[in-house]
Amino acid sequence: MEHTSEIVAEGKFIADTTYLDRTRKYTELAIEGIKIDYYDIKNRVVHEVKKSDKIEQAHLAQVKYYLYILHKNGIEYPSAIIEYPKLKQRELIEWNDSYVETSQKWELEIEKIVGTEYCPALIKKNICKNCSYFELCYINEI
Ligand code: SF4
């Protein structure tokens with residue numbers, strides 16, 4: 001759903017206009033269902049920009065999963081930097097072997113949900129407001 005999300009488009013706009021040389025320096029990488037907008041091939045670093053004004057677990061989980069996919073595809077010790085322009089803050093996430101087990105657990109949970117006959121009940125969390133799946137999950141609520 002990310003390609004239809006105004007929130008995602010706004011995030012990309014902030015990233016492109018805050019870090020002007022980013023698109024020139026880094027590569028967009030699509031692999032195994034993930035899309036990394038800014039990947040520094042030489043240093044094996046994922047650059048992720050969040051327009052949010054707070055650091056959320058979901059941001060950390062997202063990049064840890066990216067690192068897992070890179071590691072799975074032969075990239076040794078990948079790392080990530082999440083930048084928060086509104087906070088003027090950055091978070092460094094270094095590779096940790098535990099990401100393999102955690103990510104595989106997430107994948108199993110996802111497969112279980114995808115394999116069920118019906119969608120799970122709506123959870124109505126605050127995070128939903130900024131999620132690119134919002135319109136899909138809340139289709140009967142809007
Ligand atoms: S909108 Fe849907 S996918 Fe997004 S966080 Fe809420 S329940 Fe999860």
# chains A, B, ... in the order shown; residues from 1 in each chain; ligands from 1
call {"tool": "residues_near_ligand", "arguments": {"ligand": "ligand 1", "cutoff": "12 Å", "atoms": "only C-alpha atoms and all ligand atoms", "output": "ChimeraX atom specification"}}
result
/A:1-2,5,58,110,113,119-139,141
call {"tool": "residues_around", "arguments": {"residues": "segment 101-104 of chain A", "least_positions_apart": "2", "cutoff": "9 Å", "atoms": "only C-alpha atoms", "output": "ChimeraX atom specification"}}
result
/A:61,64-65,68-69,97-99,106-109
call {"tool": "write_last_selection", "arguments": {"atoms": "N, CA, C and O atoms", "output": "JSON list (two decimals), in the first residue's frame"}}
result
[["chain", "number", "residue", "atom", "x", "y", "z"],
["A", 61, "ALA", "N", 11.98, -1.69, 14.24],
["A", 61, "ALA", "CA", 11.65, -3.02, 13.71],
["A", 61, "ALA", "C", 11.81, -3.04, 12.19],
["A", 61, "ALA", "O", 12.34, -4.00, 11.62],
["A", 64, "LYS", "N", 15.49, -3.13, 11.29],
["A", 64, "LYS", "CA", 16.09, -4.41, 11.69],
["A", 64, "LYS", "C", 15.71, -5.49, 10.67],
["A", 64, "LYS", "O", 16.52, -6.34, 10.32],
["A", 65, "TYR", "N", 14.48, -5.41, 10.19],
["A", 65, "TYR", "CA", 14.06, -6.38, 9.18],
["A", 65, "TYR", "C", 14.84, -6.15, 7.87],
["A", 65, "TYR", "O", 15.26, -7.10, 7.22],
["A", 68, "TYR", "N", 18.13, -7.71, 8.29],
["A", 68, "TYR", "CA", 18.00, -9.17, 8.20],
["A", 68, "TYR", "C", 17.99, -9.62, 6.73],
["A", 68, "TYR", "O", 18.68, -10.56, 6.35],
["A", 69, "ILE", "N", 17.21, -8.92, 5.91],
["A", 69, "ILE", "CA", 17.13, -9.28, 4.49],
["A", 69, "ILE", "C", 18.49, -9.09, 3.81],
["A", 69, "ILE", "O", 18.93, -9.92, 3.01],
["A", 97, "ASP", "N", 23.10, -10.56, 15.56],
["A", 97, "ASP", "CA", 22.63, -11.87, 15.09],
["A", 97, "ASP", "C", 21.20, -12.18, 15.54],
["A", 97, "ASP", "O", 20.50, -12.97, 14.91],
["A", 98, "SER", "N", 20.76, -11.56, 16.62],
["A", 98, "SER", "CA", 19.40, -11.83, 17.12],
["A", 98, "SER", "C", 18.33, -11.38, 16.11],
["A", 98, "SER", "O", 17.19, -11.82, 16.18],
["A", 99, "TYR", "N", 18.70, -10.50, 15.15],
["A", 99, "TYR", "CA", 17.71, -10.03, 14.17],
["A", 99, "TYR", "C", 17.21, -11.18, 13.30],
["A", 99, "TYR", "O", 16.11, -11.13, 12.77],
["A", 106, "TRP", "N", 8.74, -12.93, 13.11],
["A", 106, "TRP", "CA", 7.77, -12.00, 12.51],
["A", 106, "TRP", "C", 7.19, -12.60, 11.23],
["A", 106, "TRP", "O", 5.99, -12.53, 10.99],
["A", 107, "GLU", "N", 8.08, -13.18, 10.41],
["A", 107, "GLU", "CA", 7.61, -13.75, 9.13],
["A", 107, "GLU", "C", 6.60, -14.87, 9.37],
["A", 107, "GLU", "O", 5.59, -14.96, 8.67],
["A", 108, "LEU", "N", 6.87, -15.69, 10.38],
["A", 108, "LEU", "CA", 5.93, -16.78, 10.68],
["A", 108, "LEU", "C", 4.59, -16.23, 11.13],
["A", 108, "LEU", "O", 3.52, -16.73, 10.73],
["A", 109, "GLU", "N", 4.64, -15.19, 11.97],
["A", 109, "GLU", "CA", 3.39, -14.58, 12.44],
["A", 109, "GLU", "C", 2.60, -14.00, 11.26],
["A", 109, "GLU", "O", 1.39, -14.12, 11.19]]
call {"tool": "select_by_dssp", "arguments": {"residues": "chain A", "states": "strand (DSSP E or B)", "output": "MDAnalysis selection string"}}
result
chainID A and resid 27:31 34:40 45:49 79:84 89:93
call {"tool": "write_last_selection", "arguments": {"atoms": "N, CA, C and O atoms", "output": "mmCIF file, in the first residue's frame"}}
result
data_model
loop_
_atom_site.group_PDB
_atom_site.id
_atom_site.type_symbol
_atom_site.label_atom_id
_atom_site.label_comp_id
_atom_site.auth_asym_id
_atom_site.auth_seq_id
_atom_site.Cartn_x
_atom_site.Cartn_y
_atom_site.Cartn_z
ATOM 1 N N THR A 27 21.723 4.356 -3.288
ATOM 2 C CA THR A 27 20.992 3.561 -4.275
ATOM 3 C C THR A 27 19.648 3.134 -3.706
ATOM 4 O O THR A 27 19.526 2.886 -2.510
ATOM 5 N N GLU A 28 18.658 3.053 -4.588
ATOM 6 C CA GLU A 28 17.382 2.480 -4.180
ATOM 7 C C GLU A 28 17.499 0.976 -4.380
ATOM 8 O O GLU A 28 17.989 0.532 -5.414
ATOM 9 N N LEU A 29 17.074 0.226 -3.409
ATOM 10 C CA LEU A 29 17.261 -1.216 -3.475
ATOM 11 C C LEU A 29 15.949 -1.935 -3.178
ATOM 12 O O LEU A 29 15.362 -1.751 -2.116
ATOM 13 N N ALA A 30 15.508 -2.746 -4.155
ATOM 14 C CA ALA A 30 14.298 -3.548 -3.948
ATOM 15 C C ALA A 30 14.701 -5.012 -3.958
ATOM 16 O O ALA A 30 15.286 -5.493 -4.932
ATOM 17 N N ILE A 31 14.417 -5.699 -2.870
ATOM 18 C CA ILE A 31 14.842 -7.087 -2.743
ATOM 19 C C ILE A 31 13.909 -7.833 -1.791
ATOM 20 O O ILE A 31 13.555 -7.292 -0.735
ATOM 21 N N ILE A 34 11.088 -6.026 0.076
ATOM 22 C CA ILE A 34 11.334 -4.759 0.773
ATOM 23 C C ILE A 34 11.878 -3.744 -0.235
ATOM 24 O O ILE A 34 12.428 -4.129 -1.268
ATOM 25 N N LYS A 35 11.703 -2.464 0.069
ATOM 26 C CA LYS A 35 12.301 -1.422 -0.778
ATOM 27 C C LYS A 35 13.014 -0.416 0.117
ATOM 28 O O LYS A 35 12.390 0.247 0.927
ATOM 29 N N ILE A 36 14.329 -0.385 -0.042
ATOM 30 C CA ILE A 36 15.137 0.562 0.731
ATOM 31 C C ILE A 36 15.368 1.771 -0.170
ATOM 32 O O ILE A 36 15.913 1.637 -1.256
ATOM 33 N N ASP A 37 14.930 2.929 0.286
ATOM 34 C CA ASP A 37 15.034 4.127 -0.564
ATOM 35 C C ASP A 37 16.480 4.593 -0.719
ATOM 36 O O ASP A 37 16.883 5.039 -1.779
ATOM 37 N N TYR A 38 17.237 4.514 0.372
ATOM 38 C CA TYR A 38 18.607 5.032 0.318
ATOM 39 C C TYR A 38 19.559 4.017 0.935
ATOM 40 O O TYR A 38 19.602 3.850 2.156
ATOM 41 N N TYR A 39 20.302 3.357 0.076
ATOM 42 C CA TYR A 39 21.251 2.356 0.569
ATOM 43 C C TYR A 39 22.661 2.733 0.128
ATOM 44 O O TYR A 39 22.927 2.948 -1.052
ATOM 45 N N ASP A 40 23.536 2.822 1.111
ATOM 46 C CA ASP A 40 24.940 3.136 0.855
ATOM 47 C C ASP A 40 25.666 1.798 0.640
ATOM 48 O O ASP A 40 25.979 1.093 1.599
ATOM 49 N N VAL A 45 25.245 0.568 4.570
ATOM 50 C CA VAL A 45 24.392 1.293 5.527
ATOM 51 C C VAL A 45 23.049 1.672 4.882
ATOM 52 O O VAL A 45 23.011 2.257 3.797
ATOM 53 N N VAL A 46 21.992 1.321 5.587
ATOM 54 C CA VAL A 46 20.650 1.727 5.175
ATOM 55 C C VAL A 46 20.390 3.098 5.776
ATOM 56 O O VAL A 46 20.632 3.308 6.973
ATOM 57 N N HIS A 47 19.901 4.037 4.972
ATOM 58 C CA HIS A 47 19.534 5.357 5.492
ATOM 59 C C HIS A 47 18.018 5.479 5.412
ATOM 60 O O HIS A 47 17.446 5.375 4.325
ATOM 61 N N GLU A 48 17.408 5.661 6.542
ATOM 62 C CA GLU A 48 15.951 5.756 6.605
ATOM 63 C C GLU A 48 15.614 7.105 7.243
ATOM 64 O O GLU A 48 16.215 7.477 8.260
ATOM 65 N N VAL A 49 14.675 7.809 6.642
ATOM 66 C CA VAL A 49 14.276 9.106 7.208
ATOM 67 C C VAL A 49 12.839 9.006 7.701
ATOM 68 O O VAL A 49 11.971 8.488 6.999
ATOM 69 N N SER A 79 24.332 -2.140 8.595
ATOM 70 C CA SER A 79 23.839 -1.287 9.678
ATOM 71 C C SER A 79 22.854 -0.270 9.099
ATOM 72 O O SER A 79 22.666 -0.203 7.876
ATOM 73 N N ALA A 80 22.260 0.481 9.975
ATOM 74 C CA ALA A 80 21.259 1.453 9.513
ATOM 75 C C ALA A 80 21.332 2.723 10.346
ATOM 76 O O ALA A 80 21.707 2.692 11.518
ATOM 77 N N ILE A 81 20.978 3.801 9.690
ATOM 78 C CA ILE A 81 20.848 5.081 10.405
ATOM 79 C C ILE A 81 19.441 5.595 10.137
ATOM 80 O O ILE A 81 19.039 5.744 8.978
ATOM 81 N N ILE A 82 18.706 5.781 11.211
ATOM 82 C CA ILE A 82 17.374 6.391 11.059
ATOM 83 C C ILE A 82 17.517 7.851 11.433
ATOM 84 O O ILE A 82 17.996 8.180 12.524
ATOM 85 N N GLU A 83 17.106 8.718 10.524
ATOM 86 C CA GLU A 83 17.211 10.159 10.781
ATOM 87 C C GLU A 83 15.826 10.751 11.020
ATOM 88 O O GLU A 83 14.877 10.402 10.334
ATOM 89 N N TYR A 84 15.790 11.624 12.002
ATOM 90 C CA TYR A 84 14.545 12.301 12.366
ATOM 91 C C TYR A 84 14.767 13.809 12.209
ATOM 92 O O TYR A 84 15.184 14.465 13.177
ATOM 93 N N GLN A 89 17.703 14.446 15.194
ATOM 94 C CA GLN A 89 18.275 13.311 15.914
ATOM 95 C C GLN A 89 18.475 12.141 14.962
ATOM 96 O O GLN A 89 17.759 12.022 13.966
ATOM 97 N N ARG A 90 19.434 11.291 15.266
ATOM 98 C CA ARG A 90 19.618 10.078 14.465
ATOM 99 C C ARG A 90 19.876 8.875 15.361
ATOM 100 O O ARG A 90 20.437 9.005 16.440
ATOM 101 N N GLU A 91 19.410 7.734 14.891
ATOM 102 C CA GLU A 91 19.563 6.486 15.635
ATOM 103 C C GLU A 91 20.418 5.546 14.794
ATOM 104 O O GLU A 91 20.111 5.309 13.621
ATOM 105 N N LEU A 92 21.455 5.018 15.397
ATOM 106 C CA LEU A 92 22.290 4.050 14.682
ATOM 107 C C LEU A 92 21.885 2.647 15.112
ATOM 108 O O LEU A 92 21.802 2.355 16.305
ATOM 109 N N ILE A 93 21.633 1.799 14.138
ATOM 110 C CA ILE A 93 21.278 0.407 14.451
ATOM 111 C C ILE A 93 22.327 -0.495 13.815
ATOM 112 O O ILE A 93 22.424 -0.566 12.586
#
call {"tool": "select_by_dssp", "arguments": {"residues": "segment 37-142 of chain A", "states": "alpha helix (DSSP H)", "output": "PyMOL selection string"}}
result
chain A and resi 57-72+98-114+134-137
